[in-house]
$ cat coords.pdb   # PDB, C-alpha atoms
ATOM      1  CA  MET A   1      97.756 175.802  89.613
ATOM      2  CA  CYS A   2      98.693 172.218  88.614
ATOM      3  CA  GLY A   3      98.789 169.324  91.035
ATOM      4  CA  ILE A   4     101.874 167.281  91.828
ATOM      5  CA  VAL A   5     102.273 164.018  93.718
ATOM      6  CA  GLY A   6     105.219 161.759  94.439
ATOM      7  CA  LEU A   7     105.887 158.623  96.426
ATOM      8  CA  PHE A   8     109.235 157.052  97.317
ATOM      9  CA  LEU A   9     108.862 153.650  98.953
ATOM     10  CA  LYS A  10     111.277 152.470 101.619
ATOM     11  CA  ASP A  11     109.302 149.315 102.448
ATOM     12  CA  LYS A  12     109.472 146.689  99.684
ATOM     13  CA  ALA A  13     106.214 145.187 100.936
ATOM     14  CA  LEU A  14     104.408 148.266  99.597
ATOM     15  CA  GLU A  15     105.895 148.079  96.105
ATOM     16  CA  PRO A  16     103.005 146.118  94.525
ATOM     17  CA  ARG A  17     100.676 148.951  95.619
ATOM     18  CA  LEU A  18     102.673 151.880  94.209
ATOM     19  CA  GLY A  19     100.394 152.451  91.215
ATOM     20  CA  ASP A  20      97.290 152.262  93.363
ATOM     21  CA  PHE A  21      98.639 154.776  95.876
ATOM     22  CA  LEU A  22      99.772 157.209  93.182
ATOM     23  CA  SER A  23      96.466 156.918  91.334
ATOM     24  CA  ASP A  24      94.482 157.929  94.414
ATOM     25  CA  MET A  25      96.887 160.762  95.162
ATOM     26  CA  LEU A  26      96.688 162.159  91.642
ATOM     27  CA  ILE A  27      92.918 161.860  91.294
ATOM     28  CA  THR A  28      92.546 163.833  94.522
ATOM     29  CA  MET A  29      94.445 166.697  92.846
ATOM     30  CA  THR A  30      92.159 166.805  89.775
ATOM     31  CA  ASP A  31      90.718 170.245  90.502
ATOM     32  CA  ARG A  32      94.203 171.747  90.439
ATOM     33  CA  GLY A  33      94.543 170.981  86.720
ATOM     34  CA  PRO A  34      91.955 169.110  84.672
ATOM     35  CA  ASP A  35      93.333 169.383  81.119
ATOM     36  CA  SER A  36      95.928 166.583  81.090
ATOM     37  CA  ALA A  37      97.668 164.172  83.428
ATOM     38  CA  GLY A  38     100.595 161.796  83.613
ATOM     39  CA  ILE A  39     102.430 159.357  85.847
ATOM     40  CA  ALA A  40     105.960 157.942  85.891
ATOM     41  CA  ILE A  41     106.433 154.563  87.545
ATOM     42  CA  TYR A  42     109.909 153.319  88.471
ATOM     43  CA  GLY A  43     110.342 149.564  88.735
ATOM     44  CA  ALA A  44     113.079 147.131  89.663
ATOM     45  CA  VAL A  45     116.310 147.111  87.647
ATOM     46  CA  ASP A  46     117.991 143.869  86.609
ATOM     47  CA  GLY A  47     120.849 145.358  84.584
ATOM     48  CA  LYS A  48     119.871 143.368  81.500
ATOM     49  CA  LYS A  49     116.708 144.972  80.166
ATOM     50  CA  ALA A  50     115.684 148.527  79.338
ATOM     51  CA  LYS A  51     112.316 149.993  78.436
ATOM     52  CA  VAL A  52     111.105 152.647  76.032
ATOM     53  CA  THR A  53     107.602 154.086  76.433
ATOM     54  CA  ILE A  54     106.194 155.447  73.180
ATOM     55  CA  GLN A  55     102.960 157.262  72.317
ATOM     56  CA  SER A  56     100.971 157.454  69.096
ATOM     57  CA  SER A  57      97.916 159.372  67.954
ATOM     58  CA  ALA A  58      97.204 156.407  65.647
ATOM     59  CA  PRO A  59      98.062 153.379  67.804
ATOM     60  CA  GLU A  60      96.113 150.885  65.676
ATOM     61  CA  SER A  61      98.476 151.410  62.738
ATOM     62  CA  ASP A  62     101.665 152.436  64.531
ATOM     63  CA  PHE A  63     101.643 149.547  67.012
ATOM     64  CA  SER A  64     100.481 146.879  64.551
ATOM     65  CA  ASN A  65     103.362 144.459  63.823
ATOM     66  CA  LEU A  66     105.747 146.778  65.676
ATOM     67  CA  ALA A  67     107.744 143.949  67.255
ATOM     68  CA  ASP A  68     108.116 142.255  63.851
ATOM     69  CA  ASP A  69     109.222 145.471  62.179
ATOM     70  CA  LEU A  70     111.752 146.131  64.932
ATOM     71  CA  ALA A  71     113.082 142.587  64.488
ATOM     72  CA  LYS A  72     113.512 143.219  60.761
ATOM     73  CA  ALA A  73     115.538 146.275  61.699
ATOM     74  CA  GLY A  74     117.770 144.073  63.867
ATOM     75  CA  MET A  75     116.209 144.849  67.246
ATOM     76  CA  ASP A  76     114.747 141.966  69.269
ATOM     77  CA  THR A  77     112.005 143.328  71.505
ATOM     78  CA  GLU A  78     108.858 142.668  73.458
ATOM     79  CA  VAL A  79     106.035 145.158  72.944
ATOM     80  CA  ALA A  80     103.225 145.700  75.457
ATOM     81  CA  VAL A  81     100.475 147.965  74.137
ATOM     82  CA  LYS A  82      98.528 150.124  76.590
ATOM     83  CA  SER A  83      95.958 152.236  74.737
ATOM     84  CA  THR A  84      97.819 155.106  73.026
ATOM     85  CA  HIS A  85     101.134 154.050  74.570
ATOM     86  CA  ALA A  86     103.350 151.005  74.202
ATOM     87  CA  VAL A  87     106.262 149.817  76.314
ATOM     88  CA  ILE A  88     109.101 148.279  74.333
ATOM     89  CA  SER A  89     111.500 146.013  76.249
ATOM     90  CA  ILE A  90     114.990 145.667  74.792
ATOM     91  CA  ASP A  91     118.507 144.684  75.825
ATOM     92  CA  ALA A  92     119.867 147.448  78.034
ATOM     93  CA  GLY A  93     122.982 147.789  75.899
ATOM     94  CA  ARG A  94     120.933 148.777  72.862
ATOM     95  CA  LEU A  95     118.953 151.615  74.396
ATOM     96  CA  SER A  96     120.876 154.282  72.475
ATOM     97  CA  GLU A  97     120.032 152.640  69.117
ATOM     98  CA  ILE A  98     116.277 152.400  69.273
ATOM     99  CA  ARG A  99     115.472 156.087  68.793
ATOM    100  CA  ASP A 100     116.989 156.102  65.305
ATOM    101  CA  ILE A 101     115.283 152.844  64.391
ATOM    102  CA  LEU A 102     111.890 154.095  65.551
ATOM    103  CA  ARG A 103     112.397 157.325  63.631
ATOM    104  CA  ASP A 104     112.874 155.272  60.464
ATOM    105  CA  ILE A 105     110.103 152.685  60.845
ATOM    106  CA  ARG A 106     107.536 154.650  62.898
ATOM    107  CA  PRO A 107     108.187 158.352  62.272
ATOM    108  CA  ASN A 108     104.932 159.462  63.912
ATOM    109  CA  VAL A 109     105.449 157.908  67.359
ATOM    110  CA  ARG A 110     106.842 159.956  70.225
ATOM    111  CA  ILE A 111     109.095 158.703  72.992
ATOM    112  CA  MET A 112     107.653 159.510  76.412
ATOM    113  CA  GLY A 113     110.549 158.092  78.405
ATOM    114  CA  SER A 114     113.277 155.481  78.402
ATOM    115  CA  GLY A 115     115.669 153.757  80.752
ATOM    116  CA  GLU A 116     116.160 150.626  82.793
ATOM    117  CA  SER A 117     113.356 151.307  85.257
ATOM    118  CA  VAL A 118     110.925 154.060  84.191
ATOM    119  CA  GLU A 119     107.618 153.870  82.338
ATOM    120  CA  ILE A 120     105.787 157.137  81.599
ATOM    121  CA  PHE A 121     102.128 157.449  80.648
ATOM    122  CA  LYS A 122     100.498 160.804  79.924
ATOM    123  CA  GLU A 123      97.552 162.069  77.920
ATOM    124  CA  VAL A 124      95.037 164.858  77.627
ATOM    125  CA  GLY A 125      92.146 164.281  80.017
ATOM    126  CA  LEU A 126      91.250 163.923  83.676
ATOM    127  CA  PRO A 127      93.510 161.940  86.022
ATOM    128  CA  LYS A 128      90.829 159.295  86.623
ATOM    129  CA  ASP A 129      90.588 158.645  82.889
ATOM    130  CA  VAL A 130      94.348 158.579  82.354
ATOM    131  CA  VAL A 131      94.800 156.187  85.294
ATOM    132  CA  GLN A 132      92.110 153.860  83.950
ATOM    133  CA  ARG A 133      93.308 154.025  80.344
ATOM    134  CA  PHE A 134      96.802 152.808  81.206
ATOM    135  CA  GLY A 135      95.998 150.427  84.050
ATOM    136  CA  VAL A 136      98.156 152.397  86.462
ATOM    137  CA  ARG A 137      96.511 150.950  89.579
ATOM    138  CA  ALA A 138      97.874 147.499  88.796
ATOM    139  CA  MET A 139     101.454 148.691  88.404
ATOM    140  CA  GLY A 140     104.070 148.070  91.071
ATOM    141  CA  GLY A 141     107.364 149.811  91.590
ATOM    142  CA  THR A 142     109.847 151.482  93.895
ATOM    143  CA  HIS A 143     108.887 155.127  93.422
ATOM    144  CA  GLY A 144     106.895 157.369  91.131
ATOM    145  CA  ILE A 145     105.666 160.878  90.412
ATOM    146  CA  GLY A 146     102.500 162.298  88.879
ATOM    147  CA  HIS A 147     101.028 165.543  87.601
ATOM    148  CA  THR A 148      97.677 166.992  86.645
ATOM    149  CA  ARG A 149      97.988 170.114  84.525
ATOM    150  CA  MET A 150      96.404 173.503  84.124
ATOM    151  CA  ALA A 151      98.126 174.789  80.988
ATOM    152  CA  THR A 152      99.714 178.240  81.194
ATOM    153  CA  GLU A 153     102.889 178.079  79.084
ATOM    154  CA  SER A 154     101.927 175.930  76.083
ATOM    155  CA  ALA A 155      99.087 174.153  74.311
ATOM    156  CA  VAL A 156      97.031 171.341  75.807
ATOM    157  CA  THR A 157      98.588 168.343  74.076
ATOM    158  CA  THR A 158      99.985 164.964  75.027
ATOM    159  CA  LEU A 159     103.538 166.218  74.528
ATOM    160  CA  GLY A 160     102.766 169.240  76.703
ATOM    161  CA  ALA A 161     101.620 167.063  79.595
ATOM    162  CA  HIS A 162     103.949 166.133  82.457
ATOM    163  CA  PRO A 163     106.152 164.307  83.396
ATOM    164  CA  PHE A 164     108.887 165.529  81.052
ATOM    165  CA  SER A 165     111.751 163.126  80.422
ATOM    166  CA  THR A 166     114.962 164.342  78.790
ATOM    167  CA  GLY A 167     117.395 161.638  79.927
ATOM    168  CA  ALA A 168     117.436 157.931  80.667
ATOM    169  CA  ASP A 169     115.399 157.174  83.802
ATOM    170  CA  GLN A 170     114.975 160.888  84.485
ATOM    171  CA  CYS A 171     111.751 162.870  84.612
ATOM    172  CA  LEU A 172     110.290 165.989  86.175
ATOM    173  CA  VAL A 173     106.920 167.444  87.141
ATOM    174  CA  HIS A 174     106.513 171.152  87.766
ATOM    175  CA  ASN A 175     104.066 173.578  89.290
ATOM    176  CA  GLY A 176     104.941 177.154  88.409
ATOM    177  CA  SER A 177     106.352 179.255  85.609
ATOM    178  CA  LEU A 178     109.951 179.940  84.574
ATOM    179  CA  SER A 179     110.932 183.368  83.246
ATOM    180  CA  ASN A 180     114.330 182.521  81.703
ATOM    181  CA  HIS A 181     113.424 179.313  79.901
ATOM    182  CA  ASN A 182     113.937 180.694  76.381
ATOM    183  CA  ASN A 183     117.512 181.787  77.069
ATOM    184  CA  LEU A 184     118.259 178.585  78.928
ATOM    185  CA  ARG A 185     116.777 176.504  76.086
ATOM    186  CA  ARG A 186     119.183 178.131  73.618
ATOM    187  CA  GLU A 187     122.136 177.416  75.904
ATOM    188  CA  LEU A 188     121.116 173.782  76.342
ATOM    189  CA  ILE A 189     120.670 173.312  72.586
ATOM    190  CA  ARG A 190     124.251 174.534  72.138
ATOM    191  CA  GLU A 191     125.270 171.858  74.651
ATOM    192  CA  GLY A 192     123.539 169.184  72.557
ATOM    193  CA  MET A 193     120.131 168.904  74.206
ATOM    194  CA  SER A 194     117.000 168.628  72.036
ATOM    195  CA  PHE A 195     113.410 169.622  72.763
ATOM    196  CA  GLU A 196     109.992 168.329  71.740
ATOM    197  CA  THR A 197     107.897 171.284  72.965
ATOM    198  CA  GLN A 198     108.013 174.963  73.883
ATOM    199  CA  ASN A 199     107.020 174.134  77.451
ATOM    200  CA  ASP A 200     109.122 175.794  80.156
ATOM    201  CA  SER A 201     108.989 172.640  82.267
ATOM    202  CA  GLU A 202     110.798 170.645  79.575
ATOM    203  CA  VAL A 203     113.650 173.156  79.865
ATOM    204  CA  ALA A 204     113.867 172.482  83.596
ATOM    205  CA  ALA A 205     114.030 168.742  82.949
ATOM    206  CA  ALA A 206     116.731 169.219  80.312
ATOM    207  CA  TYR A 207     118.723 171.447  82.643
ATOM    208  CA  LEU A 208     118.808 168.715  85.275
ATOM    209  CA  THR A 209     119.737 166.080  82.673
ATOM    210  CA  ALA A 210     122.610 168.231  81.431
ATOM    211  CA  GLU A 211     123.868 168.853  84.960
ATOM    212  CA  MET A 212     123.740 165.156  85.884
ATOM    213  CA  ALA A 213     125.585 164.342  82.642
ATOM    214  CA  LYS A 214     128.433 166.429  84.082
ATOM    215  CA  GLY A 215     128.670 164.040  87.034
ATOM    216  CA  LYS A 216     126.345 165.652  89.546
ATOM    217  CA  ASP A 217     123.822 163.571  91.462
ATOM    218  CA  LEU A 218     120.190 164.638  91.609
ATOM    219  CA  GLY A 219     120.624 166.584  94.827
ATOM    220  CA  GLU A 220     123.542 168.576  93.411
ATOM    221  CA  ALA A 221     121.676 169.281  90.175
ATOM    222  CA  LEU A 222     118.647 170.558  92.088
ATOM    223  CA  THR A 223     120.904 172.806  94.147
ATOM    224  CA  GLY A 224     122.273 174.312  90.938
ATOM    225  CA  ALA A 225     118.738 174.913  89.690
ATOM    226  CA  LEU A 226     118.173 177.356  92.540
ATOM    227  CA  ASP A 227     120.844 179.640  91.041
ATOM    228  CA  ASP A 228     120.236 179.038  87.345
ATOM    229  CA  LEU A 229     116.424 178.929  87.023
ATOM    230  CA  ASP A 230     114.379 182.097  87.429
ATOM    231  CA  GLY A 231     110.683 182.138  88.236
ATOM    232  CA  PHE A 232     108.262 180.311  90.452
ATOM    233  CA  PHE A 233     108.639 176.565  90.757
ATOM    234  CA  THR A 234     108.079 173.476  92.763
ATOM    235  CA  PHE A 235     109.816 170.497  91.159
ATOM    236  CA  VAL A 236     109.463 166.827  91.963
ATOM    237  CA  VAL A 237     112.015 164.755  90.086
ATOM    238  CA  GLY A 238     112.666 161.059  89.599
ATOM    239  CA  THR A 239     115.816 159.191  88.626
ATOM    240  CA  LYS A 240     116.513 155.470  88.397
ATOM    241  CA  THR A 241     117.022 155.175  92.143
ATOM    242  CA  GLY A 242     116.244 158.646  93.453
ATOM    243  CA  PHE A 243     113.519 161.113  94.266
ATOM    244  CA  GLY A 244     113.990 164.838  94.806
ATOM    245  CA  VAL A 245     111.981 167.945  95.673
ATOM    246  CA  VAL A 246     112.885 171.632  95.503
ATOM    247  CA  ARG A 247     110.956 174.908  95.739
ATOM    248  CA  ASP A 248     112.100 178.327  94.585
ATOM    249  CA  PRO A 249     113.215 180.910  97.184
ATOM    250  CA  ILE A 250     109.773 182.547  97.362
ATOM    251  CA  ALA A 251     107.916 179.210  97.530
ATOM    252  CA  CYS A 252     104.489 180.557  96.606
ATOM    253  CA  LYS A 253     103.348 177.224  95.147
ATOM    254  CA  PRO A 254     101.783 174.924  97.766
ATOM    255  CA  ALA A 255     103.591 171.780  98.872
ATOM    256  CA  VAL A 256     103.488 169.286 101.720
ATOM    257  CA  MET A 257     105.582 166.230 102.531
ATOM    258  CA  ALA A 258     105.203 163.246 104.815
ATOM    259  CA  GLU A 259     107.710 160.601 105.929
ATOM    260  CA  THR A 260     107.367 157.322 107.766
ATOM    261  CA  ASP A 261     109.548 154.228 108.029
ATOM    262  CA  GLN A 262     107.706 152.961 104.943
ATOM    263  CA  TYR A 263     107.773 155.900 102.522
ATOM    264  CA  VAL A 264     108.355 159.539 101.669
ATOM    265  CA  ALA A 265     105.383 161.256 100.027
ATOM    266  CA  PHE A 266     104.787 164.603  98.345
ATOM    267  CA  GLY A 267     101.552 166.382  97.468
ATOM    268  CA  SER A 268     100.564 169.860  96.379
ATOM    269  CA  GLU A 269      98.049 169.649  99.215
ATOM    270  CA  TYR A 270      97.768 167.449 102.301
ATOM    271  CA  ARG A 271      94.522 165.885 101.062
ATOM    272  CA  ALA A 272      96.563 164.012  98.430
ATOM    273  CA  LEU A 273      98.281 162.075 101.234
ATOM    274  CA  VAL A 274      95.395 161.235 103.559
ATOM    275  CA  ASN A 275      94.839 157.666 102.328
ATOM    276  CA  LEU A 276      98.447 156.539 102.634
ATOM    277  CA  PRO A 277      99.090 153.878 105.282
ATOM    278  CA  GLY A 278     100.252 155.272 108.595
ATOM    279  CA  ILE A 279      99.760 158.902 107.570
ATOM    280  CA  GLU A 280      98.225 159.683 110.961
ATOM    281  CA  THR A 281     101.611 159.097 112.631
ATOM    282  CA  ALA A 282     103.828 160.398 109.827
ATOM    283  CA  ARG A 283     106.184 163.329 110.170
ATOM    284  CA  VAL A 284     104.420 165.961 108.060
ATOM    285  CA  TRP A 285     105.998 169.251 107.031
ATOM    286  CA  GLU A 286     106.006 171.971 104.407
ATOM    287  CA  PRO A 287     109.260 171.855 102.422
ATOM    288  CA  GLU A 288     111.323 174.976 103.015
ATOM    289  CA  PRO A 289     112.038 177.523 100.274
ATOM    290  CA  ALA A 290     115.322 177.108  98.374
ATOM    291  CA  THR A 291     115.973 173.784 100.087
ATOM    292  CA  VAL A 292     116.719 170.515  98.317
ATOM    293  CA  TYR A 293     115.167 167.288  99.596
ATOM    294  CA  PHE A 294     116.695 164.174  98.105
ATOM    295  CA  TRP A 295     116.305 160.451  98.736
ATOM    296  CA  ASP A 296     118.055 157.624  96.950
ATOM    297  CA  HIS A 297     117.676 153.860  97.234
ATOM    298  CA  GLU A 298     121.421 153.447  96.712
ATOM    299  CA  LYS A 299     122.774 156.037  99.153
ATOM    300  CA  ALA A 300     121.789 158.394 101.903
ATOM    301  CA  ALA A 301     120.386 161.818 101.074
TER     302      ALA A 301
END
$ encode --input "coords.pdb" --output "structure tokens"
Amino acid sequence: MCGIVGLFLKDKALEPRLGDFLSDMLITMTDRGPDSAGIAIYGAVDGKKAKVTIQSSAPESDFSNLADDLAKAGMDTEVAVKSTHAVISIDAGRLSEIRDILRDIRPNVRIMGSGESVEIFKEVGLPKDVVQRFGVRAMGGTHGIGHTRMATESAVTTLGAHPFSTGADQCLVHNGSLSNHNNLRRELIREGMSFETQNDSEVAAAYLTAEMAKGKDLGEALTGALDDLDGFFTFVVGTKTGFGVVRDPIACKPAVMAETDQYVAFGSEYRALVNLPGIETARVWEPEPATVYFWDHEKAA
């Protein structure tokens, strides 16, 4: 099962409403996977600041005095706490340093995502509760993806929830099941990738990160996935400026897309899209099997 949504905004006037749109879309998909949910929101990039979203099972202690403790470790930050998550803002040039510092001063926190534009919030529970807990409706941005999960490949935990992020400003949501993820995980570990879970979807995210690290753009990496990943899958993927969709050659997992002059939207079912503005005149279609769909704010697809 699982429910996936995604929204890529072309019209800047809609950006303040991104979180609200995505929240409605994801809540509509609740019955496709009620055990956990998550959303990635991509915001504007200024080239100076980066963000790290962290999660803790003991936020009262882990987030207390976090900014002060980071400063003592030589890292000037701003920390915004949102329930079990916190978003740490730092100088973009120091993004590679903060993982080691956090490991030393807060060994129990987990990094949900990092980069210049992305914030990722995910927890066990229904979409409506996750959306409310993190104030997603009030968040603006340029594009975003979301997922509500019915666990099949791993335990119901926060780390097992989607989206999975394995590279800066990169994340993936997945409906399906991969059959070669164990072999591929071993290959990616040899290439230097690391994993937090045994979830097959994290392997797919890491595969795309590794391919883009070789110089491919998102569209090229998704094309490679069609040859290198075995199983059933529909992926929706976000990068700093891009948004991509691909289905396996059999395409047994449901998917629908809509495009207007204002946005491109994805849903596991059409009902996830019905409240979007102008949907009644949108071009609506089912994405083809083994076909990559790719939009980017910085270049044409």
$ resolve_selection --input "coords.pdb" --expression "the PyMOL selection byres ((chain A and resi 48-55) around 10)" --output "PDB file with C-alpha atoms, keeping the file's coordinate frame"
ATOM      1  CA  VAL A  45     116.310 147.111  87.647  1.00  0.00           C
ATOM      2  CA  ASP A  46     117.991 143.869  86.609  1.00  0.00           C
ATOM      3  CA  GLY A  47     120.849 145.358  84.584  1.00  0.00           C
ATOM      4  CA  SER A  56     100.971 157.454  69.096  1.00  0.00           C
ATOM      5  CA  SER A  57      97.916 159.372  67.954  1.00  0.00           C
ATOM      6  CA  ALA A  58      97.204 156.407  65.647  1.00  0.00           C
ATOM      7  CA  PRO A  59      98.062 153.379  67.804  1.00  0.00           C
ATOM      8  CA  ASP A  62     101.665 152.436  64.531  1.00  0.00           C
ATOM      9  CA  PHE A  63     101.643 149.547  67.012  1.00  0.00           C
ATOM     10  CA  THR A  77     112.005 143.328  71.505  1.00  0.00           C
ATOM     11  CA  GLU A  78     108.858 142.668  73.458  1.00  0.00           C
ATOM     12  CA  VAL A  79     106.035 145.158  72.944  1.00  0.00           C
ATOM     13  CA  ALA A  80     103.225 145.700  75.457  1.00  0.00           C
ATOM     14  CA  VAL A  81     100.475 147.965  74.137  1.00  0.00           C
ATOM     15  CA  LYS A  82      98.528 150.124  76.590  1.00  0.00           C
ATOM     16  CA  SER A  83      95.958 152.236  74.737  1.00  0.00           C
ATOM     17  CA  THR A  84      97.819 155.106  73.026  1.00  0.00           C
ATOM     18  CA  HIS A  85     101.134 154.050  74.570  1.00  0.00           C
ATOM     19  CA  ALA A  86     103.350 151.005  74.202  1.00  0.00           C
ATOM     20  CA  VAL A  87     106.262 149.817  76.314  1.00  0.00           C
ATOM     21  CA  ILE A  88     109.101 148.279  74.333  1.00  0.00           C
ATOM     22  CA  SER A  89     111.500 146.013  76.249  1.00  0.00           C
ATOM     23  CA  ILE A  90     114.990 145.667  74.792  1.00  0.00           C
ATOM     24  CA  ASP A  91     118.507 144.684  75.825  1.00  0.00           C
ATOM     25  CA  ALA A  92     119.867 147.448  78.034  1.00  0.00           C
ATOM     26  CA  GLY A  93     122.982 147.789  75.899  1.00  0.00           C
ATOM     27  CA  ARG A  94     120.933 148.777  72.862  1.00  0.00           C
ATOM     28  CA  LEU A  95     118.953 151.615  74.396  1.00  0.00           C
ATOM     29  CA  ILE A  98     116.277 152.400  69.273  1.00  0.00           C
ATOM     30  CA  ARG A  99     115.472 156.087  68.793  1.00  0.00           C
ATOM     31  CA  LEU A 102     111.890 154.095  65.551  1.00  0.00           C
ATOM     32  CA  ASN A 108     104.932 159.462  63.912  1.00  0.00           C
ATOM     33  CA  VAL A 109     105.449 157.908  67.359  1.00  0.00           C
ATOM     34  CA  ARG A 110     106.842 159.956  70.225  1.00  0.00           C
ATOM     35  CA  ILE A 111     109.095 158.703  72.992  1.00  0.00           C
ATOM     36  CA  MET A 112     107.653 159.510  76.412  1.00  0.00           C
ATOM     37  CA  GLY A 113     110.549 158.092  78.405  1.00  0.00           C
ATOM     38  CA  SER A 114     113.277 155.481  78.402  1.00  0.00           C
ATOM     39  CA  GLY A 115     115.669 153.757  80.752  1.00  0.00           C
ATOM     40  CA  GLU A 116     116.160 150.626  82.793  1.00  0.00           C
ATOM     41  CA  SER A 117     113.356 151.307  85.257  1.00  0.00           C
ATOM     42  CA  VAL A 118     110.925 154.060  84.191  1.00  0.00           C
ATOM     43  CA  GLU A 119     107.618 153.870  82.338  1.00  0.00           C
ATOM     44  CA  ILE A 120     105.787 157.137  81.599  1.00  0.00           C
ATOM     45  CA  PHE A 121     102.128 157.449  80.648  1.00  0.00           C
ATOM     46  CA  LYS A 122     100.498 160.804  79.924  1.00  0.00           C
ATOM     47  CA  GLU A 123      97.552 162.069  77.920  1.00  0.00           C
ATOM     48  CA  THR A 158      99.985 164.964  75.027  1.00  0.00           C
ATOM     49  CA  LEU A 159     103.538 166.218  74.528  1.00  0.00           C
ATOM     50  CA  ALA A 168     117.436 157.931  80.667  1.00  0.00           C
ATOM     51  CA  ASP A 169     115.399 157.174  83.802  1.00  0.00           C
TER      52      ASP A 169
END
$ resolve_selection --input "coords.pdb" --expression "the PyMOL selection byres ((chain A and resi 2) around 12)" --output "NGL selection string"
:A and (1 or 3-5 or 26 or 28-38 or 127 or 146-153 or 161-162 or 173-177 or 233-235 or 253-255 or 267-269)
$ residues_around --input "coords.pdb" --residues "A:Val274" --least-positions-apart "6" --cutoff "10 Å" --atoms "all atoms listed in the file" --output "compact mmCIF listing (two decimals) with C-alpha atoms, keeping the file's coordinate frame"
# COMPACT_ATOMS: atom_id res chain seq x y z
CA ASP A 24 94.48 157.93 94.41
CA MET A 25 96.89 160.76 95.16
CA THR A 28 92.55 163.83 94.52
CA GLU A 280 98.22 159.68 110.96
$ closest_residue --input "coords.pdb" --among "A:Ala213, A:Ala258, A:Gln132, A:Ala13" --to "A:Pro287" --atoms "only C-alpha atoms"
A:Ala258
$ atom_distance --input "coords.pdb" --atom1 "atom CA of A:Ser96" --atom2 "atom CA of A:Ala221"
23.2 Å
$ axis_aligned_box --input "coords.pdb" --around "stretch 34-38 of chain A" --padding-each-side "3 Å" --output "JSON"
{"center_x": 96.3, "center_y": 165.6, "center_z": 82.9, "size_x": 14.6, "size_y": 13.6, "size_z": 9.6}
$ closest_residue --input "coords.pdb" --among "A:Gly74, A:Gly144, A:Gly278, A:Gly215" --to "A:Gln170" --atoms "only C-alpha atoms"
A:Gly144
$ atom_distance --input "coords.pdb" --atom1 "atom CA of A:Gly231" --atom2 "atom CA of A:Gly125"
27.0 Å
$ resolve_selection --input "coords.pdb" --expression "the PyMOL selection byres ((chain A and resi 67) around 8)" --output "JSON, numbers by chain"
{"A": [65, 66, 68, 69, 70, 71, 76, 77, 78, 79]}
$ decode --input "coords.pdb" --residues "stretch 296-300 of chain A" --atoms "all heavy atoms" --output "tab-separated table (two decimals), in the first residue's frame"
chain	number	residue	atom	x	y	z
A	296	ASP	N	12.71	20.80	-12.85
A	296	ASP	CA	13.75	21.48	-12.07
A	296	ASP	C	13.55	23.00	-12.19
A	296	ASP	O	13.31	23.50	-13.29
A	296	ASP	CB	15.15	21.11	-12.59
A	296	ASP	CG	16.25	21.43	-11.60
A	296	ASP	OD1	16.41	22.64	-11.31
A	296	ASP	OD2	16.92	20.52	-11.11
A	297	HIS	N	13.65	23.69	-11.07
A	297	HIS	CA	13.48	25.13	-11.08
A	297	HIS	C	14.63	25.83	-11.85
A	297	HIS	O	14.46	26.96	-12.29
A	297	HIS	CB	13.42	25.69	-9.66
A	297	HIS	CG	12.13	25.42	-8.97
A	297	HIS	ND1	10.93	25.94	-9.41
A	297	HIS	CD2	11.83	24.66	-7.87
A	297	HIS	CE1	9.95	25.54	-8.60
A	297	HIS	NE2	10.46	24.76	-7.67
A	298	GLU	N	15.75	25.15	-12.00
A	298	GLU	CA	16.90	25.79	-12.61
A	298	GLU	C	17.10	25.45	-14.08
A	298	GLU	O	17.90	26.05	-14.75
A	298	GLU	CB	18.17	25.44	-11.83
A	298	GLU	CG	18.20	26.06	-10.44
A	298	GLU	CD	19.53	25.92	-9.75
A	298	GLU	OE1	20.37	25.13	-10.25
A	298	GLU	OE2	19.74	26.59	-8.74
A	299	LYS	N	16.39	24.41	-14.56
A	299	LYS	CA	16.53	24.06	-15.98
A	299	LYS	C	15.31	23.29	-16.43
A	299	LYS	O	14.53	22.79	-15.63
A	299	LYS	CB	17.80	23.25	-16.23
A	299	LYS	CG	17.84	21.91	-15.52
A	299	LYS	CD	19.14	21.20	-15.83
A	299	LYS	CE	19.20	19.86	-15.14
A	299	LYS	NZ	20.47	19.17	-15.45
A	300	ALA	N	15.18	23.13	-17.72
A	300	ALA	CA	14.05	22.38	-18.25
A	300	ALA	C	14.20	20.91	-17.95
A	300	ALA	O	15.31	20.41	-17.70
A	300	ALA	CB	13.95	22.62	-19.77
